[in-house]
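Engineer: Starting off with a structure, shown below.
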Amino acid sequence: MPTPATSSLQRSRSPLADPRWQRARLDGVDLAGRDGDFAAAAEVALKAPLSVTGIEILQLNLGRRCNLACVHCHVDAGPDRKEDMSRATAERCLEVMEASGAGVVDITGGAPEMSDQFEFLVQGARAAGRHVIDRCNLSILLTRPYAHLVDFLAEHEVEVVASLPHYRKLSTDRQRGDGVFDDSIEALRRLNERGYGRDPKLRLVLVTNPVGAFLPAGQASLEAEWKRELKRAYDIDFDALFTITNMPISRYLEWLETKGQTEAYLRKLVDAFNPASVAGVMCRNTLSVGWDGRLFDCDFNQMLDIGLTGGLPGHIDSFELEPIARRTVATGRHCFGCTAGAGSSCGGATT
Ligand code: SF4
Ligand code: SF4
């Protein structure tokens, strides 16, 4: 069993466990003359306010439970967290999936596989013909109650989008905990043996985020490097690599604070604002649902407790398609994390 890299903000009673404290910290950062108004910057880029083009992806965050406690976690997940979606909310998610016409159900957490609703939702969404994504930390697939999931995921042709900070052990273990890299490689081997990354029906994507306060390198060149290195060292195959920029919230914000780098990092994101990336930010075609059924523009807004704006229904029980599918997005300074450089989303770079 890997040694956790850290503990949750909630367990350590950090003030950052409160999303209001995180928002106030970001709003209070001295940007040294830079304009920190993301909504205005996005409106200039799009020649219109940042709004939604439709609900193509229903992203379900099943809770905060996780077998790991990574330093950079934007969810503040960990073994001590107990939040989990109820069956009633999961059933409502499947109803909203139908009502919204979303073609993709993107399941995340925590480690979503630890949720009591994970298999129910996968089965329900697949039976309805939806493409299903499991955002997996890999090591969960080695733990005893979940080892059957490699077969389960393959049988349901679920796309596995697996996070792995780096193809080198030291960098990954520094962010995720001692022993996590070795477990991740073993999980990738099992996925490959089952056909993931080799059978076109079993798509396996890796996701990397920088191990430090810098932006990701180019996605295409990193993908070639990762494919070469993981094949050479471990005979691992995968379909694609997504690069994701670390969002300055939750435990990554705590890490920045500890290093005295919050100002420098936020300024870096603002300086790297790329107008061409705005059209591809994930809130434009996604609706994010929390473990308790609350609705958000994206998983980051969910963690910062920034709900839908404009008087829209805030809970899945009162979902209304028309206004929610045409909503204006609620933004904040953290949004510069989605538009820096090549852009960043759950689908990797946006340009
Ligand atoms: S980053 Fe992912 S794997 Fe790590 S603690 Fe957070 S939810 Fe778990
Ligand atoms: S943080 Fe969320 S709301 Fe802000 S730009 Fe990114 S996806 Fe959109």
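Ligands are numbered from 1 in the order shown, residues from 1 within each chain, and chains are lettered A, B, ... in the order they appear in the structure tokens.
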Check every protein, DNA and RNA residue against ligand 1, keep those with an atom at most 6 Å away (counting only C-alpha atoms and all ligand atoms), and present them as a list in words.
Structural biologist: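 Written in the requested form, the residues are Cys66, Leu68, Ala69, Cys70, Cys73, Val75, Ala77, Gly78, Gly109, Gly110, Ala111 and Asn137 of chain A.
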Engineer: Using DSSP on the backbone coordinates, identify the residues of range 164-234 of chain A assigned to strand (DSSP E or B); present them as a PDB file with C-alpha atoms, in the first residue's frame.
Structural biologist:
ATOM      1  CA  GLY A 177       3.223   9.124  -2.394  1.00  0.00           C
ATOM      2  CA  ASP A 178       5.896   6.457  -2.067  1.00  0.00           C
ATOM      3  CA  LEU A 204      -6.463   4.318 -22.657  1.00  0.00           C
ATOM      4  CA  VAL A 205      -5.390   7.922 -22.165  1.00  0.00           C
ATOM      5  CA  LEU A 206      -2.729   9.116 -19.741  1.00  0.00           C
ATOM      6  CA  VAL A 207      -2.909  12.520 -18.087  1.00  0.00           C
ATOM      7  CA  THR A 208       0.104  14.407 -16.837  1.00  0.00           C
TER       8      THR A 208
END
Engineer: Kindly assemble as CSV a list of the range 236-317 of chain A residues that lie within 12 Å of range 83-96 of chain A, each paired with its nearest atom pair and their distance in Å to one decimal, using only C-alpha atoms, sorted first by chain and then by ascending residue number.
Structural biologist:
residue,atom,partner,partner_atom,distance
A:Leu287,CA,A:Val96,CA,10.3
A:Ser288,CA,A:Cys93,CA,10.6
A:Val289,CA,A:Cys93,CA,8.1
A:Gly290,CA,A:Met85,CA,8.0
A:Trp291,CA,A:Met85,CA,4.4
A:Asp292,CA,A:Met85,CA,6.0
A:Gly293,CA,A:Thr89,CA,6.0
A:Arg294,CA,A:Thr89,CA,9.7
A:Leu295,CA,A:Cys93,CA,10.9
A:His315,CA,A:Thr89,CA,10.0
A:Ile316,CA,A:Arg92,CA,7.1
A:Asp317,CA,A:Arg92,CA,7.0
Engineer: Please produce an output containing C-alpha atoms for each residue in the selection, written as a JSON list (two decimals), in the first residue's frame.
Structural biologist:
[["chain", "number", "residue", "atom", "x", "y", "z"],
["A", 287, "LEU", "CA", -22.33, 20.30, -16.91],
["A", 288, "SER", "CA", -20.65, 19.27, -13.67],
["A", 289, "VAL", "CA", -22.60, 17.48, -10.95],
["A", 290, "GLY", "CA", -21.33, 17.14, -7.39],
["A", 291, "TRP", "CA", -21.66, 14.08, -5.16],
["A", 292, "ASP", "CA", -24.56, 15.84, -3.41],
["A", 293, "GLY", "CA", -26.34, 16.66, -6.69],
["A", 294, "ARG", "CA", -25.33, 20.31, -6.88],
["A", 295, "LEU", "CA", -24.69, 21.75, -10.35],
["A", 315, "HIS", "CA", -29.41, 21.17, -7.87],
["A", 316, "ILE", "CA", -29.94, 18.23, -10.20],
["A", 317, "ASP", "CA", -33.38, 17.61, -8.71]]
Engineer: Counting only C-alpha atoms and all ligand atoms, what are the residues, protein, DNA or RNA alike, that approach ligand 2 to within 9 Å? I want them as a PyMOL selection string.
Structural biologist: chain A and resi 38-39+42+50+247+278+281-284+286+296-302+306+329-339+344-346
Engineer: Any idea what's packed within 9 Å of range 226-228 of chain A, counting only C-alpha atoms, ignoring anything in its chain fewer than 4 positions away? Could you give it as a PyMOL selection string?
Structural biologist: chain A and resi 166-167+221-222+232-233+236-241
Engineer: Would you mind telling me which residue in A:Ile140, A:Leu31, A:Ala17, A:Leu321 lies nearest to Tyr265 in chain A when using only C-alpha atoms?
Structural biologist: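 Result for the nearest residue to Tyr265 in chain A: A:Leu31.
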Engineer: What's around Asp271 in chain A at 9 Å? Count only C-alpha atoms, leave out sequence neighbours fewer than 5 positions away in its own chain, and write the answer as a list of chain:residue names.
Structural biologist: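 With the cut-off at 9 Å, the set is A:Arg34, A:Leu266, A:Ala340.
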Engineer: Residues at most 8 Å from Pro210 in chain A, counting only C-alpha atoms, excluding those fewer than 2 positions away in the same chain, as a ChimeraX atom specification?
Structural biologist: /A:165,208,212-216,244-246
Engineer: Can you tell me which residues surround Asp76 in chain A at a distance of at most 7 Å, considering only C-alpha atoms, apart from same-chain residues fewer than 3 positions away, and format the answer as a PyMOL selection string?
Structural biologist: chain A and resi 8-9+73+250-251
Engineer: Just write the chosen residues, N, CA and C atoms, as a CSV table (one decimal), in the first residue's frame.
Structural biologist:
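Heads up, here's the output in result_18.csv:
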chain,number,residue,atom,x,y,z
A,8,SER,N,-5.4,15.4,3.8
A,8,SER,CA,-6.4,16.4,3.2
A,8,SER,C,-6.4,17.7,4.1
A,9,LEU,N,-6.7,18.8,3.4
A,9,LEU,CA,-6.8,20.1,4.1
A,9,LEU,C,-7.8,20.0,5.2
A,73,CYS,N,-3.7,17.7,-5.4
A,73,CYS,CA,-5.1,17.4,-5.6
A,73,CYS,C,-6.0,18.6,-5.5
A,250,SER,N,-7.2,24.5,-3.8
A,250,SER,CA,-7.2,23.4,-2.9
A,250,SER,C,-5.7,23.0,-2.5
A,251,ARG,N,-5.3,21.8,-2.6
A,251,ARG,CA,-4.0,21.4,-2.1
A,251,ARG,C,-2.9,21.9,-3.0
Engineer: Within 12 Å of Arg20 in chain A, counting only C-alpha atoms, which residues qualify if same-chain residues fewer than 2 places away don't, as a ChimeraX atom specification?
Structural biologist: /A:15-18,22-27,249-250,301,303-306
Engineer: List every residue of range 43-163 of chain A that DSSP, applied to the backbone, labels as helix (DSSP H, G or I), and write the result as a ChimeraX atom specification.
Structural biologist: /A:43-46,87-100,112-114,118-127,139-142,144-146,149-155
Engineer: In Å, rounded to a single decimal, give me how far CA of Leu269 in chain A is from CA of Ser171 in chain A.
Structural biologist: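 Pair CA of Ser171 in chain A / CA of Leu269 in chain A returns 22.5 Å.
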Engineer: Which one is closest to Val180 in chain A: A:Phe319, A:Asp235, A:Asn67, A:Gly218? Count only C-alpha atoms.
Structural biologist: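 Going through A:Phe319, A:Asp235, A:Asn67, A:Gly218 one by one, the smallest distance to Val180 in chain A is for A:Asn67.
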Engineer: One number please: CA of Val29 in chain A to CA of Ser14 in chain A, in Å, one decimal.
Structural biologist: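 About the pair CA of Val29 in chain A and CA of Ser14 in chain A: they are 18.8 Å apart.
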Engineer: Restricting the calculation to only C-alpha atoms, which member of A:Gly197, A:Gly28, A:Gly310, A:Gly63 is positioned closest to Ala162 in chain A?
Structural biologist: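 Residue with the minimum atom-to-atom distance to Ala162 in chain A: A:Gly197.
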Engineer: Which value, in Å to one decimal, gives the distance between CA of Thr262 in chain A and CA of Gln175 in chain A?
Structural biologist: 17.9 Å
Engineer: Calculated over only C-alpha atoms, which of the candidates A:Leu138, A:Ile133, A:Val105, A:Val52 has the smallest distance to Arg176 in chain A?
Structural biologist: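 Comparing A:Leu138, A:Ile133, A:Val105, A:Val52 against Arg176 in chain A, the winner is A:Leu138.
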Engineer: Closest to Ala45 in chain A among A:Pro275, A:Gly348, A:Ala342, A:Asp80, using only C-alpha atoms?
Structural biologist: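 Nearest candidate to Ala45 in chain A out of A:Pro275, A:Gly348, A:Ala342, A:Asp80: A:Pro275.
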